[in-house]
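Novice: Sharing a structure below in structure tokens format, with a few things to ask.
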Amino acid sequence: MSRIIAQLMIVVFVAAVSSVSVSAQGTAKPMVWTDPTNQYANYLEAAVLKKHTPVTFTTEKASASYIATLDAEAQKGSAARAIFLGAANSGAKSNLSLTVSDAKTGAVVFSYTCQKNGEFGSFQSASECLAKHWTHFMAKGKP
């Protein structure tokens, strides 16, 4: 009798696991295209993976639901300020802006700019900032 109960429990467990994996697969992530010639696209794609932003990048612009556009600006700091005030206060800045628009209508659905200051402020950390804010935006039920 206990063997039948054990087998029944295994069947119930396998059915539960199967239904969870099927429901997880049923949730389609939006497809996002970034311009492959944009040197900052790789930073964003890596940051999205790291921050678990619920999107999938595609290389086919026609199959994308959204288009992500990145703009960057960097300002070099002063060596003298870095020596006397420290590298974080050199005046160096890295700005990275993300605009996500609907591929069909062109309507902007998300836009954010992250700025990192100091000599160690990098486009990688700015892109992680963008991915974090994009994830929070999407958690509220937005695209």
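Identifiers in the structure tokens: chain A, B, ... in order shown; residue index from 1 per chain; ligand index from 1 in order shown.
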Any idea what's packed within 12 Å of Gly106 of chain A, counting only C-alpha atoms, ignoring anything in its chain fewer than 6 positions away? Could you give it as a VMD selection string?
Specialist: chain A and resid 65 to 69 99 to 100
Novice: Would you mind telling me which residue in A:Lys61, A:Lys116, A:Lys29, A:Lys51 lies nearest to Ala74 of chain A when using only C-alpha atoms?
Specialist: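 Smallest distance to Ala74 of chain A is found for A:Lys116.
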Novice: For atom CA of Thr37 of chain A and atom CA of Leu49 of chain A, quote the distance in Å rounded to one decimal.
Specialist: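 Spanning atom CA of Thr37 of chain A to atom CA of Leu49 of chain A is a straight-line distance of 19.8 Å.
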Novice: Do a neighbour search on Ser122 of chain A at 10 Å with only C-alpha atoms, toss out local chain neighbours closer than 5 positions, and write the hits as a list in words.
Specialist: Ala74, Lys93, Ser94, Asn95, Leu96, Gln115, Lys116, Asn117 and Ser127 of chain A
Novice: In Å, with one decimal, what is the gap from atom CA of Val48 of chain A to atom CA of Lys132 of chain A?
Specialist: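 Distance between the two atoms: 7.9 Å.
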Novice: I want to know what sits within 12 Å of Pro36 of chain A, based on only C-alpha atoms, with residues of the same chain fewer than 2 positions away left out; could you give that as a ChimeraX atom specification?
Specialist: /A:33-34,38-45,57-61,67-70
Novice: Write to file, as a JSON list (two decimals), in the first residue's frame, the residues of the selection just made, with N, CA and C atoms.
Specialist:
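What landed in result.json:
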```
[["chain", "number", "residue", "atom", "x", "y", "z"],
["A", 33, "TRP", "N", 14.61, 44.94, -30.31],
["A", 33, "TRP", "CA", 15.71, 45.06, -31.26],
["A", 33, "TRP", "C", 16.55, 46.27, -30.91],
["A", 34, "THR", "N", 17.86, 46.09, -30.95],
["A", 34, "THR", "CA", 18.79, 47.21, -30.82],
["A", 34, "THR", "C", 19.66, 47.24, -32.07],
["A", 38, "ASN", "N", 25.40, 50.06, -32.95],
["A", 38, "ASN", "CA", 25.54, 50.91, -31.77],
["A", 38, "ASN", "C", 26.48, 50.22, -30.79],
["A", 39, "GLN", "N", 27.58, 50.84, -30.48],
["A", 39, "GLN", "CA", 28.59, 50.21, -29.61],
["A", 39, "GLN", "C", 28.11, 50.00, -28.18],
["A", 40, "TYR", "N", 27.04, 50.65, -27.78],
["A", 40, "TYR", "CA", 26.54, 50.50, -26.42],
["A", 40, "TYR", "C", 25.46, 49.44, -26.28],
["A", 41, "ALA", "N", 25.01, 48.87, -27.40],
["A", 41, "ALA", "CA", 23.97, 47.84, -27.37],
["A", 41, "ALA", "C", 24.43, 46.62, -26.59],
["A", 42, "ASN", "N", 25.68, 46.23, -26.73],
["A", 42, "ASN", "CA", 26.18, 45.07, -25.98],
["A", 42, "ASN", "C", 26.17, 45.31, -24.48],
["A", 43, "TYR", "N", 26.47, 46.54, -24.07],
["A", 43, "TYR", "CA", 26.40, 46.86, -22.64],
["A", 43, "TYR", "C", 24.97, 46.65, -22.13],
["A", 44, "LEU", "N", 23.99, 47.15, -22.88],
["A", 44, "LEU", "CA", 22.60, 47.02, -22.46],
["A", 44, "LEU", "C", 22.17, 45.56, -22.43],
["A", 45, "GLU", "N", 22.52, 44.80, -23.46],
["A", 45, "GLU", "CA", 22.11, 43.40, -23.51],
["A", 45, "GLU", "C", 22.70, 42.61, -22.35],
["A", 57, "PHE", "N", 16.11, 39.85, -26.66],
["A", 57, "PHE", "CA", 16.64, 40.61, -27.78],
["A", 57, "PHE", "C", 16.62, 39.77, -29.04],
["A", 58, "THR", "N", 16.35, 40.43, -30.15],
["A", 58, "THR", "CA", 16.32, 39.77, -31.44],
["A", 58, "THR", "C", 17.21, 40.52, -32.42],
["A", 59, "THR", "N", 17.75, 39.80, -33.38],
["A", 59, "THR", "CA", 18.55, 40.43, -34.43],
["A", 59, "THR", "C", 17.69, 40.78, -35.64],
["A", 60, "GLU", "N", 16.46, 40.34, -35.63],
["A", 60, "GLU", "CA", 15.52, 40.60, -36.73],
["A", 60, "GLU", "C", 14.60, 41.75, -36.35],
["A", 61, "LYS", "N", 14.82, 42.89, -36.95],
["A", 61, "LYS", "CA", 14.03, 44.08, -36.61],
["A", 61, "LYS", "C", 12.55, 43.86, -36.90],
["A", 67, "ILE", "N", 11.68, 48.72, -30.09],
["A", 67, "ILE", "CA", 13.00, 49.11, -30.55],
["A", 67, "ILE", "C", 13.66, 49.91, -29.44],
["A", 68, "ALA", "N", 14.84, 49.49, -29.04],
["A", 68, "ALA", "CA", 15.60, 50.18, -27.99],
["A", 68, "ALA", "C", 16.70, 51.00, -28.64],
["A", 69, "THR", "N", 16.73, 52.28, -28.32],
["A", 69, "THR", "CA", 17.72, 53.20, -28.86],
["A", 69, "THR", "C", 18.58, 53.71, -27.71],
["A", 70, "LEU", "N", 19.89, 53.69, -27.92],
["A", 70, "LEU", "CA", 20.82, 54.15, -26.89],
["A", 70, "LEU", "C", 21.61, 55.34, -27.39]]
```
Novice: What does the distance between atom CA of Met138 of chain A and atom CA of Val109 of chain A come to in Å, to one decimal place?
Specialist: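 Those two atoms sit 10.3 Å apart.
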Novice: Which residue out of A:Val55, A:Ala107, A:Ala126, A:Ala47 has the minimum interatomic distance to Ala28 of chain A when only C-alpha atoms are used?
Specialist: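 Counting only C-alpha atoms, the residue closest to Ala28 of chain A is A:Val55.
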